[in-house]
Structure formats: structure tokens, C-alpha cells
2 protein chains.
Amino acid sequence: MSRSATVVDVAAAAGVSRQTVSNVLNAPDVVAPATRERVERAIATLGYRPHASARRLRTRQSSTLGVRLDPVLNGISGAVLDRFLHALVESADGRGMRILLFTAADPADEIEQFGRLVDGSDVDGFVLTSTFHDDPRTSWLLEHDIPFVTFGRPWGLPDMESAPFPWVDVDGAAGLRDATRHLLQLDRHRIAFLGWPAPSGQGDERRRGWRDEMRVRLPASEADQLDLACEDDVTAAARTVSEAIARGRSFDAVVCASDTLAIGARIATGGSVPVVGYDNTPVAAALGLSSIEQPLIEAARSAIELLMGASGRSVLPPTAGHRLLAPRPVWRT
Amino acid sequence: MSRSATVVDVAAAAGVSRQTVSNVLNAPDVVAPATRERVERAIATLGYRPHASARRLRTRQSSTLGVRLDPVLNGISGAVLDRFLHALVESADGRGMRILLFTAADPADEIEQFGRLVDGSDVDGFVLTSTFHDDPRTSWLLEHDIPFVTFGRPWGLPDMESAPFPWVDVDGAAGLRDATRHLLQLDRHRIAFLGWPAPSGQGDERRRGWRDEMRVRLPASEADQLDLACEDDVTAAARTVSEAIARGRSFDAVVCASDTLAIGARIATGGSVPVVGYDNTPVAAALGLSSIEQPLIEAARSAIELLMGASGRSVLPPTAGHRLLAPRPVWRT
């Protein structure tokens, strides 16, 4: 840094003012041809590289996408968003884009950060994660005509497929359908579901996948008995499953909305029935738990494509499109 | 974004050229006072906010720190660097700094990225993670007088305490000493260590902590027998411990250089002896394994302080200082 030529060096070498060098770089038309040539020769001789901020100022592009990162990483399942971030940095790099991280206390604060980053032209757009019902962030970005894509569906919209902004998500219902069907083929007949209390975008989707398959096997009232829910915590999950057993609910397998819940279910059942988790975290691998893996590399690539087109090098004006990706069960015995 | 006033709007309102508006912002001395006043009035009336890139160009500050993020997240222990990143974003935010992520294939590529980011004034400095013996990255940054701090010691330097650049690290030797001492107090006498093959900066440190405590309890030749090593993989760890048992090595506890190794040790011993991991990952918590926790929030805060001083808002010229933080064993039974 200390060795590279600056505007001052170029000005001295060409015998002109700094303003003239700046004019040659930013408004060459206002500089006399002979002067311009002298400055350009000095630039070439000294190997001066115009400042990227200046280049970006001319193009009004930051080649940067903003992503919120929470101050604290949440237990087992929170690692999924980190894996998405790793994949996103890689996908963005392939298009000459960088990722700028910021933090926010809540959605209102996040919106304020959006405003600051956009006012400063620090980012060309945003990748939002962890969407939720009545998400105020997407409305704000739409209103201000700012390009963005969400990793997560626009929960709560009556017709998500024609949402006015692009989103990419993983089809949790399909994941739970696959897992449930596989267990039915292995002659398990009374498969319980352990999820989160409604309403929960992802949680309700995953429950729906399980119910779709159980519907044709069990009367609704019996399926209701096997529909368990608690917060995403190992101890709460173990307690919920133990209580269900104590109340005489009989089941021969458990499919879960997360690996955290699956660990609790495994503890409560002591390995007596198959348990399937969701997210295929390192914990599931270490414990030999089957789990449903989200295609995070494909999700990141899709997010970039929805923002930048199939092969472009800059963020496009806001569009609407979506990709619902199929997850992949990983079976371990 | 589409609604905010631009330089073009200001120029039209003031009846001047865009270049004149730019001159008022960047080189007011070259503009006639009356013209300058007219432009400044237009800026105020329209609420025009000069572009952040332009502001940064003037101050030559990006208020941004660069951090490399690997494309793929590495299993169980890789999550520690993610937890550090979360804490770093939070600490940096408190000083008005953002984190820019980039990716690199290897150290040579990372150095090329350093050059590009610094040439473009995209960052004011770097936070490096995962230092290793003969790390070419630190030499390059020192040579180019670029501010940086490492999370990880300058392994291989004869005197790390007087390294020519700032670093923060966690005292793994102290962590293993604490764990070993605690087990000795619980009447365990033959404590094995499972680590990584030498040379490994962190791994050798952690082994040293264990040996420091065992030295006074066991003859060196016996301690050697309990000094086990393999790559950081659950299956390899289980095999290594099983083979040690098969060869007649007798031990009544195992302390490990990582939670990954500890899971393997737990599998091989079937819970018959206490096993202590390192990093206190969610896996250790879920399995009820004791583990040594790194103070990552304090590490992130220290990294920022070494780069920016106790309370400043900008990166200081390169300094040298270091912080060796004590980890905290988390005991689970």
C-alpha cells in the first residue's frame, strides 16, 4: 500500500495539479488533449491504479451484496445459515461479487441498516435469510425498489408462487414426505412427527409433508395423536416425546422438523425406534441419525441467479422468480 | 434508491454542469464562490446525499475489514470460526466497521485477494484466521505495511510474544492443563491424550498442556504410550482409541484436542471412562460431553482492539501486541 503510486505522484510526474489528474480520470473531455496525454503517460509509467471507490463511483456499482449475520450463532440448527453463507460467498465470487456482513437487533433495525447501506451505495442488493409471516423487510425493499432475494418463502402470502419478489427455498414438505414414505416401506406404520408449534413457515410445511403420507394410513384422529410439537431444544424435545409415551401414544418411528428435535427424540426413545432429523448437521452425522439435507450450494447459486441472471456480472433491476429445491434424505442405520 | 436526488438533479437545479457539482464536493477551492453557493443550496433543497464511495475516496477509509471465508464449512470444529465471525461482526459494528467476506483457494490466492482489496481501498485492514507454520500471508502483509491482526499465534516464530504484528489467541495448553488437573482430582491417574499429528500449532500446544500435568504423575515412557494422534475425524479417532486399547494401553480418562476426536473416543470407550473435548460445540452439548470452550466474543473484541485501539473508529497504523486468552472447561457428567 505504501509503495503504490498515488494521484500526487502522477500529478508531480506530469507537472499538473491533482485536480487535473482527477479530471483525466473522471471527466477527460474537460482536459486539453496534450495535457491528457501527459497525465496518461505518467499513469502508465508509474503503474498508478485508479482507486476502486472512484471506479465504483463512476459505475454506481459496489459489486457487493449485503447479508445480515446475527450476533450469536444459534445452537445446532443455526449452523445451516452459516453453511448457506459459505456457499453464497463462493457463488458470489464466481460473479465478481463480494458479501458485506452487517448485524441488526431486530427487523426494524435491519430495515434501518438497509437504508444506510443503500444510501451509501455500499451494496447493490441484499440476500435475506430467515423469512417469517408478515415480514416487514420485504415490503420495505419492494417499496424502495431495491434488488433482493430471500432464502425462505414469503410465508403468509396467499399465493407464494406469484410473490412480487424472487425467493429460493427448500421443499420441506417433500423432505418429510420422502422420509415418511421410506419408513412406511420399512414396515413402520405408526410414524410420529415432532415439530414446532404453529404458525411456523418451515415447521408447518414439514408437518404437512408427514401428514400427506400418514393421511392414507391412519384416521385423522389417530394422526393427531402422533403430531407432537415443542420449541427447538434437545431437552424440551426429549420431554415431549417421553410425555407422549407416558400418555400411551404408541408409535414405531419419529420424523422431526430439525436435528435438535431428533436428538431429543433419540434420547427419549433410547434408540428403540428409527428417528429422522432435518438439516443433516454434523451432530446428526456424529450420532448416526438419519436426516434430511438441504441443497445449500444449489440454494446459494439460485439466489445469485435470481439477482444477477444466468451469467451476468451485475445485479439486475428487481424481478420476481422463485426456485423450490428438493432436499435429499441421508439414511444412516 | 430510485427516489433519491442524484448529481444530475443537483446540476439541473443549480444550472451548472455535473463536473461543477463534483468540484463543489471534491475540490471546492476551484469553484467561484457564487456558483458554489448556488450548488450548495441545490444540494440542501434536494436533500442530495453525496455518494459514500465519494466520501470514502476523500477520507481514503472504507470502514471495512476483510475476512476470508472458506467455500466449504468443515464438519464439527469448523463451526468455531463461524462463531468467531458472528462475534467479530458484532464487535466491528460497535466501532462503525463492517466485515467484507472473500474466498480464496489457497494462501497464494488469498495474498492476491489482499492485493486486490487494498489496491481498491475496499478494506482498511484484515482479520486472518487459521494461522500456520511459515504462514506467507503475514509476511506479505507486513512487507506491504497493511494493518492486520491474526486470530491464531504466529506458529514457528522463535519468540511469538515479540512477533512484529498483533495476534489474539486462546491458550490451549492452559485448557488442557485445567482439564487434566480436574480429572486427576477426580482420582483418574492414567489420562490419555488424543490429538493431531505434529507439527500442528494448536495441536502441539494442547498436547503440551496435558503433558505438563502428566509429567509429574507418570514416567515419560508411560506418558508416551498414552499420547495418541490421528486426523480430525470421528471414525479415525474411534479406530485410534480402539487400537490403543487392543494394544494393551490402559487409561482411565481421555482428553482430546477437539470435539470431533472426543466423539470418536467416546464411541470407542462406550462411555466407560470420562472423555473431554475441545471447542464446546453443539455436538458436545447434545452428547453430554465435557469440553473446553474458547472465549470467542472476547477474542473478537480483542482483535478489534488490537486493530483500532481501545475506543477508536478507524484502523490504526500497523502495531504489534498480543492477547492470549484463557479458555473455560465446561463440565458435563
# chains A, B, ... in the order shown; residues from 1 in each chain; ligands from 1
$ calpha_fit_rmsd --fixed "chain A" --moving "chain B"
0.4 Å
$ residues_around --residues "Gly264 in chain B" --least-positions-apart "4" --cutoff "7 Å" --atoms "only C-alpha atoms" --output "list in words"
Val234, Thr235, Ala237, Ala238, Thr260 and Ala268 of chain B
$ write_last_selection --atoms "C-alpha atoms" --output "mmCIF file, in the first residue's frame"
data_model
loop_
_atom_site.group_PDB
_atom_site.id
_atom_site.type_symbol
_atom_site.label_atom_id
_atom_site.label_comp_id
_atom_site.auth_asym_id
_atom_site.auth_seq_id
_atom_site.Cartn_x
_atom_site.Cartn_y
_atom_site.Cartn_z
ATOM 1 C CA VAL B 234 -14.745 -39.241 14.201
ATOM 2 C CA THR B 235 -14.089 -42.640 12.596
ATOM 3 C CA ALA B 237 -10.478 -41.210 16.305
ATOM 4 C CA ALA B 238 -12.612 -44.210 17.284
ATOM 5 C CA THR B 260 -14.587 -34.415 16.790
ATOM 6 C CA ALA B 268 -14.503 -46.405 21.256
#
$ residues_around --residues "Arg181 in chain B" --least-positions-apart "3" --cutoff "10 Å" --atoms "only C-alpha atoms" --output "JSON, numbers by chain"
{"B": [175, 176, 177, 178, 184, 185, 186, 187, 188, 191, 209, 210, 212, 213, 214]}
$ write_last_selection --atoms "N, CA and C atoms" --output "mmCIF file, in the first residue's frame"
data_model
loop_
_atom_site.group_PDB
_atom_site.id
_atom_site.type_symbol
_atom_site.label_atom_id
_atom_site.label_comp_id
_atom_site.auth_asym_id
_atom_site.auth_seq_id
_atom_site.Cartn_x
_atom_site.Cartn_y
_atom_site.Cartn_z
ATOM 1 N N GLY B 175 -5.960 -24.758 28.719
ATOM 2 C CA GLY B 175 -7.218 -25.507 28.694
ATOM 3 C C GLY B 175 -6.994 -26.981 29.000
ATOM 4 N N LEU B 176 -5.983 -27.567 28.364
ATOM 5 C CA LEU B 176 -5.715 -28.990 28.591
ATOM 6 C C LEU B 176 -5.135 -29.237 29.980
ATOM 7 N N ARG B 177 -4.336 -28.288 30.487
ATOM 8 C CA ARG B 177 -3.832 -28.418 31.866
ATOM 9 C C ARG B 177 -5.004 -28.460 32.843
ATOM 10 N N ASP B 178 -5.956 -27.509 32.658
ATOM 11 C CA ASP B 178 -7.133 -27.456 33.538
ATOM 12 C C ASP B 178 -7.912 -28.766 33.504
ATOM 13 N N LEU B 184 -7.449 -35.513 37.390
ATOM 14 C CA LEU B 184 -6.546 -36.059 38.411
ATOM 15 C C LEU B 184 -7.178 -35.914 39.793
ATOM 16 N N GLN B 185 -7.837 -34.764 39.997
ATOM 17 C CA GLN B 185 -8.507 -34.548 41.288
ATOM 18 C C GLN B 185 -9.676 -35.502 41.486
ATOM 19 N N LEU B 186 -10.239 -35.973 40.377
ATOM 20 C CA LEU B 186 -11.333 -36.943 40.457
ATOM 21 C C LEU B 186 -10.779 -38.371 40.531
ATOM 22 N N ASP B 187 -9.479 -38.475 40.855
ATOM 23 C CA ASP B 187 -8.836 -39.774 41.039
ATOM 24 C C ASP B 187 -8.642 -40.576 39.759
ATOM 25 N N ARG B 188 -8.578 -39.870 38.652
ATOM 26 C CA ARG B 188 -8.139 -40.537 37.417
ATOM 27 C C ARG B 188 -6.629 -40.375 37.382
ATOM 28 N N ILE B 191 -4.365 -40.706 32.381
ATOM 29 C CA ILE B 191 -5.192 -39.934 31.454
ATOM 30 C C ILE B 191 -4.516 -39.921 30.084
ATOM 31 N N GLY B 209 -0.094 -28.977 27.210
ATOM 32 C CA GLY B 209 -0.843 -28.754 28.445
ATOM 33 C C GLY B 209 -1.089 -30.059 29.184
ATOM 34 N N TRP B 210 -1.482 -31.082 28.434
ATOM 35 C CA TRP B 210 -1.715 -32.402 29.037
ATOM 36 C C TRP B 210 -0.415 -32.975 29.605
ATOM 37 N N ASP B 212 2.315 -31.410 30.553
ATOM 38 C CA ASP B 212 2.772 -30.650 31.728
ATOM 39 C C ASP B 212 2.212 -31.260 33.010
ATOM 40 N N GLU B 213 0.951 -31.647 32.977
ATOM 41 C CA GLU B 213 0.308 -32.187 34.177
ATOM 42 C C GLU B 213 0.678 -33.647 34.415
ATOM 43 N N MET B 214 0.796 -34.426 33.338
ATOM 44 C CA MET B 214 1.061 -35.860 33.491
ATOM 45 C C MET B 214 2.515 -36.140 33.867
#
$ atom_distance --atom1 "CA of Ala284 in chain A" --atom2 "CA of Ala229 in chain A"
19.8 Å
$ residues_around --residues "range 111-125 of chain A" --least-positions-apart "4" --cutoff "7 Å" --atoms "only C-alpha atoms" --output "ChimeraX atom specification"
/A:61-66,107,137,146-148,315 /B:1,51-52
$ select_by_dssp --residues "range 38-264 of chain A" --states "alpha helix (DSSP H)" --output "number ranges by chain"
A: 38-46, 52-59, 79-93, 107-119, 136-143, 172-185, 201-214, 220-225, 234-246, 259-264
$ select_by_dssp --residues "range 22-215 of chain B" --states "strand (DSSP E or B)" --output "PyMOL selection string"
chain B and resi 64-68+98-102+125-129+148-151+167-170+191-195
$ residues_around --residues "range 32-40 of chain A" --least-positions-apart "4" --cutoff "8 Å" --atoms "only C-alpha atoms" --output "number ranges by chain"
A: 10-11, 14, 16, 21, 24, 28, 44
$ write_last_selection --atoms "C-alpha atoms" --output "mmCIF file, in the first residue's frame"
data_model
loop_
_atom_site.group_PDB
_atom_site.id
_atom_site.type_symbol
_atom_site.label_atom_id
_atom_site.label_comp_id
_atom_site.auth_asym_id
_atom_site.auth_seq_id
_atom_site.Cartn_x
_atom_site.Cartn_y
_atom_site.Cartn_z
ATOM 1 C CA VAL A 10 1.082 11.161 -11.000
ATOM 2 C CA ALA A 11 0.456 14.911 -10.735
ATOM 3 C CA ALA A 14 3.077 15.035 -15.280
ATOM 4 C CA VAL A 16 -0.087 19.159 -13.386
ATOM 5 C CA VAL A 21 -5.307 14.128 -12.791
ATOM 6 C CA VAL A 24 -8.359 12.972 -16.715
ATOM 7 C CA PRO A 28 -11.383 13.560 -19.703
ATOM 8 C CA ALA A 44 1.235 4.200 -17.280
#
$ residues_around --residues "Pro295 in chain B" --least-positions-apart "4" --cutoff "8 Å" --atoms "only C-alpha atoms" --output "list in words"
Val170, Ala299, Leu325, Ala326, Pro327 and Arg328 of chain B
$ write_last_selection --atoms "C-alpha atoms" --output "mmCIF file, in the first residue's frame"
data_model
loop_
_atom_site.group_PDB
_atom_site.id
_atom_site.type_symbol
_atom_site.label_atom_id
_atom_site.label_comp_id
_atom_site.auth_asym_id
_atom_site.auth_seq_id
_atom_site.Cartn_x
_atom_site.Cartn_y
_atom_site.Cartn_z
ATOM 1 C CA VAL B 170 -6.713 -18.853 23.116
ATOM 2 C CA ALA B 299 -11.304 -12.967 21.101
ATOM 3 C CA LEU B 325 -6.973 -15.637 26.415
ATOM 4 C CA ALA B 326 -7.820 -18.384 28.888
ATOM 5 C CA PRO B 327 -10.408 -20.944 27.793
ATOM 6 C CA ARG B 328 -13.045 -22.321 30.186
#
$ closest_residue --among "A:Asp232, A:Glu110, A:Asp171, A:Asp93" --to "chain B" --atoms "only C-alpha atoms"
A:Asp93
$ residues_around --residues "Gln225 in chain A" --least-positions-apart "3" --cutoff "12 Å" --atoms "only C-alpha atoms" --output "ChimeraX atom specification"
/A:190-194,211,214,218-222,228-229,241,244-245,247-251
$ closest_residue --among "A:Pro317, A:Pro282, A:Gly15, A:Gly78" --to "chain B" --atoms "only C-alpha atoms"
A:Pro282
$ closest_residue --among "A:His182, A:Arg98, A:His144, A:Arg206" --to "Pro329 in chain A" --atoms "only C-alpha atoms"
A:His182
$ atom_distance --atom1 "CA of Ala246 in chain B" --atom2 "CA of Leu289 in chain A"
27.9 Å
$ atom_distance --atom1 "CA of Ile292 in chain B" --atom2 "CA of Trp167 in chain B"
20.9 Å
$ closest_residue --among "A:Val273, A:Ala300, A:Cys256, A:Ala12" --to "chain B" --atoms "only C-alpha atoms"
A:Ala300
